[in-house]
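I have placed the structure first, in the form of structure tokens, so that the comments after it can refer back to it.
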Amino acid sequence: MFKTVKNSIERFNEAASFTGQRIRKLLYALPKEIKADTSEIRIRCGRPVMLSGMYGDIFLCENAKISYIPDSSACRVSINDIEQCFHTVCGYSVHTHQNGICKGFVTLSGGHRAGIAGTAVCDKNGIGSIRDISSINIRISREYIGCADYLFKKVKENKAKSLIIAGTPSSGKTTLLRDFARLIAGEEGGYRKTVIIDEREEIAACSNGIPGNSIGISSDVLSGYPKKEAVLIAVRSMAPQNIIIDEIGSVEEAAAIEEGVNTGVDFFLSVHAADESDLLRRPQISRLLNTGAFSHVAFLSGRHTPSQVNRFISVEDLKCLN
Amino acid sequence: MFELMGAILLSVSAVLCGFYTANVVKIRCCILEECVTLIRSVASQIDYADEPVQKILQNTVKGYDYKFLNFLKTVAETEFADGFDKTWCNCIEKECTGFYFEKQTVELLKAFGQKLGKTDSSGQKELCAYYERKFEQLINITNEKRNEKMKLCRVTGFAVGAIIFVFAV
């Protein structure tokens, strides 16, 4: 098993502290085993509090116990609970997280992430704000030191330059990238100059400019920057050898990376994709693979064994397979 | 002789009373002016830096020496375990208890804190502008009261002085 800097129980308690008073008390009183294996706390208005993790999905009860069935003892979330949770998640400063809320998430201290759902208020420029918050999903950030050792070894062995890490949601892509950054920007990687583009502030979890997670000595973090702009800023001003980016989504982002690749910088990025065919179906990924800069793709096992590389294959083999 | 002494004492006490009242009103004005300073500081930090509430308060306390709104320091240093609005109100209730704090001022301050940080940037700017106007209205009312009391004090002093003069002559 991997070493963790902050133990899983501390991380759970840290994430639970963002819920409202009533739910927080119940979550704090849960058994250690449950706390250690929980990866998500889901709070939905009028419905029971749900916990997701390696054990599957369970429901929180009013007596601080858990149940696999949402029966009458389940802890149901009131409007007041969700309001309290929302304001806590925003650090009692909704205005500070306005952009994030419109994009559907707020990054919490410690690198945890709260997904937010409600009713969108649209204006000419798109989503202007969100009202009537109905669900909050707190994803607990974990830092597993050593979880990228295998991947790092593979990259070195295969002399891979740029790399794509593909996995389903909750498969540990961000955790793996974070540990990979620690290795490549640390002693093991020869202190390669690395820029981490941390749009959602989950990788480094910087607070007052100080990274909350281990990300290596020679890494620079662009926190909160939109990926498209950040790639260009990094290439122009930070002179990196590597750039690490989490969750590439749009074609514009891929275009910016394409431009970065042409400057000779190595990219290590993660994408949502379950398997080879799923990956190749995405136009932005096909575009990146066609640049010839990406030599390998690593597929992750899935949510039950987070951050574990299942297959490490070359792009040529990937294209042949399909 | 006794009548004259009594008249002098009456005159002195009336003047002192007048000065004291004027001083109380002056301090109340200073408190209200500090409230306006606070709101302006909050508004500018929201506008230019989008800082979270706790950081705003920490910066505000660092950047200006509040003589009367000491509760701000406590709020800035407290963890909001029970929520920011409760912490804000509790601190006001504990620390804004003196004779100089009018009920209306305290209520306005509480109401401002209860809405702080609960909306987006434009909402917060509106909130600050609204409470700034409210506090400025209070300052004007208090200043008018102060002027009235100063007038009264002057008139009473003159009247009593004139009586003393008549008695002495």
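Simple scheme: letters A, B, ... for chains in structure tokens order, numbers from 1 for residues in each chain, numbers from 1 for ligands in the order shown.
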Closest-contact table, chain A side, partner chain B, 12 Å, counting only C-alpha atoms, as CSV:
```
residue,atom,partner,partner_atom,distance
A:Ser17,CA,B:Ala81,CA,8.8
A:Phe18,CA,B:Ala81,CA,9.8
A:Thr19,CA,B:Ala81,CA,10.8
A:Gly20,CA,B:Asp82,CA,8.9
A:Gln21,CA,B:Asp82,CA,7.3
A:Arg22,CA,B:Asp82,CA,10.8
A:Arg24,CA,B:Ala81,CA,10.8
A:Lys25,CA,B:Ala81,CA,11.9
A:Asp81,CA,B:Gly83,CA,11.9
A:Glu83,CA,B:Lys118,CA,10.1
A:Gln84,CA,B:Gly83,CA,7.6
A:Cys85,CA,B:Gly83,CA,9.8
A:Phe86,CA,B:Lys118,CA,9.7
A:His87,CA,B:Lys118,CA,7.2
A:Thr88,CA,B:Gly83,CA,7.2
A:Val89,CA,B:Gly83,CA,11.0
A:Cys90,CA,B:Pro52,CA,8.6
A:Gly91,CA,B:Pro52,CA,6.9
A:Tyr92,CA,B:Gly117,CA,5.3
A:Ser93,CA,B:Gly117,CA,4.0
A:Val94,CA,B:Gly117,CA,5.4
A:His95,CA,B:Asp120,CA,3.9
A:Thr96,CA,B:Asp50,CA,5.2
A:His97,CA,B:Asp120,CA,8.2
A:Gln98,CA,B:Asp120,CA,6.0
A:Asn99,CA,B:Asp120,CA,9.4
A:Gly100,CA,B:Asp120,CA,11.4
A:Ile101,CA,B:Asp120,CA,9.9
A:Cys102,CA,B:Asp120,CA,10.7
A:Gly128,CA,B:Asp120,CA,9.7
A:Ser129,CA,B:Asp120,CA,7.8
A:Ile130,CA,B:Asp120,CA,9.7
A:Arg131,CA,B:Thr119,CA,10.0
A:Asn208,CA,B:Lys55,CA,10.8
```
Note to self: Quick one: residues within 12 Å of Ile243 (chain A), only C-alpha atoms, excluding same-chain residues fewer than 3 positions away - as number ranges by chain?
What the structure shows: A: 161-164, 177, 180-181, 184-185, 192-198, 218-222, 227, 230-235, 238-240, 246, 257, 260-261, 263-270
Self-check item: Long-range neighbours of region 41-52 of chain A as number ranges by chain, 8 Å cut-off, only C-alpha atoms, 5 positions minimum in chain
Solution: A: 16, 57-60, 70, 74-79, 82, 134-140
Any chance you can output those residues with C-alpha atoms as a compact mmCIF listing (two decimals), in the first residue's frame?
```txt
# COMPACT_ATOMS: atom_id res chain seq x y z
CA ALA A 16 -16.32 16.52 6.57
CA ASP A 57 -22.33 3.44 -1.85
CA ILE A 58 -23.72 3.66 1.67
CA PHE A 59 -26.08 5.99 3.56
CA LEU A 60 -25.43 7.92 6.76
CA PRO A 70 -31.87 4.45 2.79
CA ALA A 74 -31.21 7.73 7.32
CA CYS A 75 -29.94 11.26 7.89
CA ARG A 76 -31.98 13.38 5.50
CA VAL A 77 -30.59 16.68 4.31
CA SER A 78 -32.65 19.80 5.02
CA ILE A 79 -32.52 23.12 3.14
CA ILE A 82 -27.38 22.42 2.37
CA SER A 134 -29.75 21.24 -4.47
CA SER A 135 -26.69 18.96 -4.27
CA ILE A 136 -23.12 19.19 -3.06
CA ASN A 137 -20.63 16.41 -3.72
CA ILE A 138 -17.46 16.66 -1.66
CA ARG A 139 -14.64 14.66 -3.25
CA ILE A 140 -11.94 13.84 -0.75
```
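Rounded to one decimal, CA of Ser72 (chain A) and CA of Ile9 (chain A) lie 27.6 Å from each other.
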Item to check | Residue set, region 83-279 of chain A restricted to strand (DSSP E or B), as a ChimeraX atom specification | outcome: /A:105-107,113-123,126-139,144-145,162-167,194-198,207,210,219-223,242-245,266-272
For the residues selected in the previous step, produce a file with C-alpha atoms as a PDB file, in the first residue's frame.
```pdb
ATOM      1  CA  PHE A 105     -17.248  23.239  -8.434  1.00  0.00           C
ATOM      2  CA  VAL A 106     -15.413  24.906  -5.570  1.00  0.00           C
ATOM      3  CA  THR A 107     -11.905  23.855  -4.574  1.00  0.00           C
ATOM      4  CA  ARG A 113     -13.338  19.516  -4.374  1.00  0.00           C
ATOM      5  CA  ALA A 114     -17.010  20.280  -3.903  1.00  0.00           C
ATOM      6  CA  GLY A 115     -19.201  19.744  -6.945  1.00  0.00           C
ATOM      7  CA  ILE A 116     -22.260  22.004  -6.835  1.00  0.00           C
ATOM      8  CA  ALA A 117     -25.628  21.528  -8.537  1.00  0.00           C
ATOM      9  CA  GLY A 118     -28.552  23.928  -8.488  1.00  0.00           C
ATOM     10  CA  THR A 119     -30.601  26.111 -10.790  1.00  0.00           C
ATOM     11  CA  ALA A 120     -28.581  28.102 -13.304  1.00  0.00           C
ATOM     12  CA  VAL A 121     -29.250  31.802 -13.823  1.00  0.00           C
ATOM     13  CA  CYS A 122     -28.162  32.539 -17.374  1.00  0.00           C
ATOM     14  CA  ASP A 123     -27.234  35.843 -18.963  1.00  0.00           C
ATOM     15  CA  GLY A 126     -23.711  32.006 -20.317  1.00  0.00           C
ATOM     16  CA  ILE A 127     -24.206  30.917 -16.717  1.00  0.00           C
ATOM     17  CA  GLY A 128     -24.164  34.051 -14.566  1.00  0.00           C
ATOM     18  CA  SER A 129     -24.828  32.452 -11.207  1.00  0.00           C
ATOM     19  CA  ILE A 130     -26.437  29.467  -9.498  1.00  0.00           C
ATOM     20  CA  ARG A 131     -29.427  29.652  -7.168  1.00  0.00           C
ATOM     21  CA  ASP A 132     -31.360  27.044  -5.160  1.00  0.00           C
ATOM     22  CA  ILE A 133     -28.379  24.783  -4.486  1.00  0.00           C
ATOM     23  CA  SER A 134     -29.745  21.239  -4.471  1.00  0.00           C
ATOM     24  CA  SER A 135     -26.691  18.964  -4.270  1.00  0.00           C
ATOM     25  CA  ILE A 136     -23.121  19.189  -3.064  1.00  0.00           C
ATOM     26  CA  ASN A 137     -20.634  16.414  -3.720  1.00  0.00           C
ATOM     27  CA  ILE A 138     -17.456  16.662  -1.664  1.00  0.00           C
ATOM     28  CA  ARG A 139     -14.635  14.661  -3.248  1.00  0.00           C
ATOM     29  CA  TYR A 144      -0.567   8.704  -1.980  1.00  0.00           C
ATOM     30  CA  ILE A 145       3.184   9.040  -1.943  1.00  0.00           C
ATOM     31  CA  SER A 162       4.813  13.179 -23.562  1.00  0.00           C
ATOM     32  CA  LEU A 163       2.224  10.955 -21.909  1.00  0.00           C
ATOM     33  CA  ILE A 164      -1.561  10.710 -21.583  1.00  0.00           C
ATOM     34  CA  ILE A 165      -3.109   9.171 -18.481  1.00  0.00           C
ATOM     35  CA  ALA A 166      -6.630   7.904 -19.150  1.00  0.00           C
ATOM     36  CA  GLY A 167      -9.146   6.739 -16.615  1.00  0.00           C
ATOM     37  CA  THR A 194       7.999  21.414 -14.341  1.00  0.00           C
ATOM     38  CA  VAL A 195       4.966  23.622 -14.593  1.00  0.00           C
ATOM     39  CA  ILE A 196       1.765  22.287 -13.051  1.00  0.00           C
ATOM     40  CA  ILE A 197      -1.360  23.804 -14.563  1.00  0.00           C
ATOM     41  CA  ASP A 198      -3.775  23.459 -11.690  1.00  0.00           C
ATOM     42  CA  SER A 207      -2.725  28.244   0.076  1.00  0.00           C
ATOM     43  CA  ILE A 210       2.498  27.456  -0.500  1.00  0.00           C
ATOM     44  CA  SER A 219       7.835  22.699  -9.962  1.00  0.00           C
ATOM     45  CA  ASP A 220       5.938  25.929 -10.538  1.00  0.00           C
ATOM     46  CA  VAL A 221       2.185  26.046 -10.127  1.00  0.00           C
ATOM     47  CA  LEU A 222      -0.284  28.067 -12.175  1.00  0.00           C
ATOM     48  CA  SER A 223      -3.312  27.902  -9.883  1.00  0.00           C
ATOM     49  CA  ASN A 242       7.579  19.472 -18.596  1.00  0.00           C
ATOM     50  CA  ILE A 243       4.007  20.639 -18.227  1.00  0.00           C
ATOM     51  CA  ILE A 244       1.490  18.697 -16.165  1.00  0.00           C
ATOM     52  CA  ILE A 245      -2.228  19.240 -16.812  1.00  0.00           C
ATOM     53  CA  ASP A 266       6.963  17.389 -22.704  1.00  0.00           C
ATOM     54  CA  PHE A 267       3.342  17.159 -21.597  1.00  0.00           C
ATOM     55  CA  PHE A 268       1.890  14.807 -18.993  1.00  0.00           C
ATOM     56  CA  LEU A 269      -1.858  15.067 -18.973  1.00  0.00           C
ATOM     57  CA  SER A 270      -4.921  13.207 -17.848  1.00  0.00           C
ATOM     58  CA  VAL A 271      -8.203  12.646 -19.663  1.00  0.00           C
ATOM     59  CA  HIS A 272     -11.518  10.980 -18.960  1.00  0.00           C
TER      60      HIS A 272
END
```
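Of the residues in region 154-235 of chain A, those that DSSP places in helix (DSSP H, G or I) on the basis of the backbone are Lys154, Val155, Lys156, Glu157, Lys173, Thr174, Thr175, Leu176, Leu177, Arg178, Asp179, Phe180, Ala181, Arg182, Leu183, Ile184, Lys227, Lys228, Glu229, Ala230, Val231, Leu232, Ile233, Ala234 and Val235 of chain A.
Separating CA of Gln308 (chain A) from CA of Cys147 (chain A) is a distance of 7.2 Å.
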In terms of only C-alpha atoms, the residue from A:Gly53, A:Pro306, A:Gly110, A:Gly189 at minimal distance from Asn213 (chain A) is A:Gly110
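Counting from CA of Leu9 (chain B), the distance to CA of Ala159 (chain B) is 13.8 Å.
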For Lys103 (chain B), please output as a list in words all residues within 12 Å (counting only C-alpha atoms; exclusion window: fewer than 6 positions along the same chain). Arg28, Ile92, Glu93, Cys96, Thr97, Leu109, Lys110 and Leu138 of chain B
Please produce an output containing C-alpha atoms for each residue in the selection, written as a compact mmCIF listing (two decimals), in the first residue's frame.
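Output contents, as saved in out.txt:
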```txt
# COMPACT_ATOMS: atom_id res chain seq x y z
CA ARG B 28 -21.09 58.07 18.42
CA ILE B 92 -20.67 42.38 18.32
CA GLU B 93 -22.87 41.41 21.27
CA CYS B 96 -20.09 46.57 21.30
CA THR B 97 -21.84 46.96 24.63
CA LEU B 109 -23.65 46.33 11.94
CA LYS B 110 -25.16 42.93 12.71
CA LEU B 138 -27.10 57.96 10.70
```
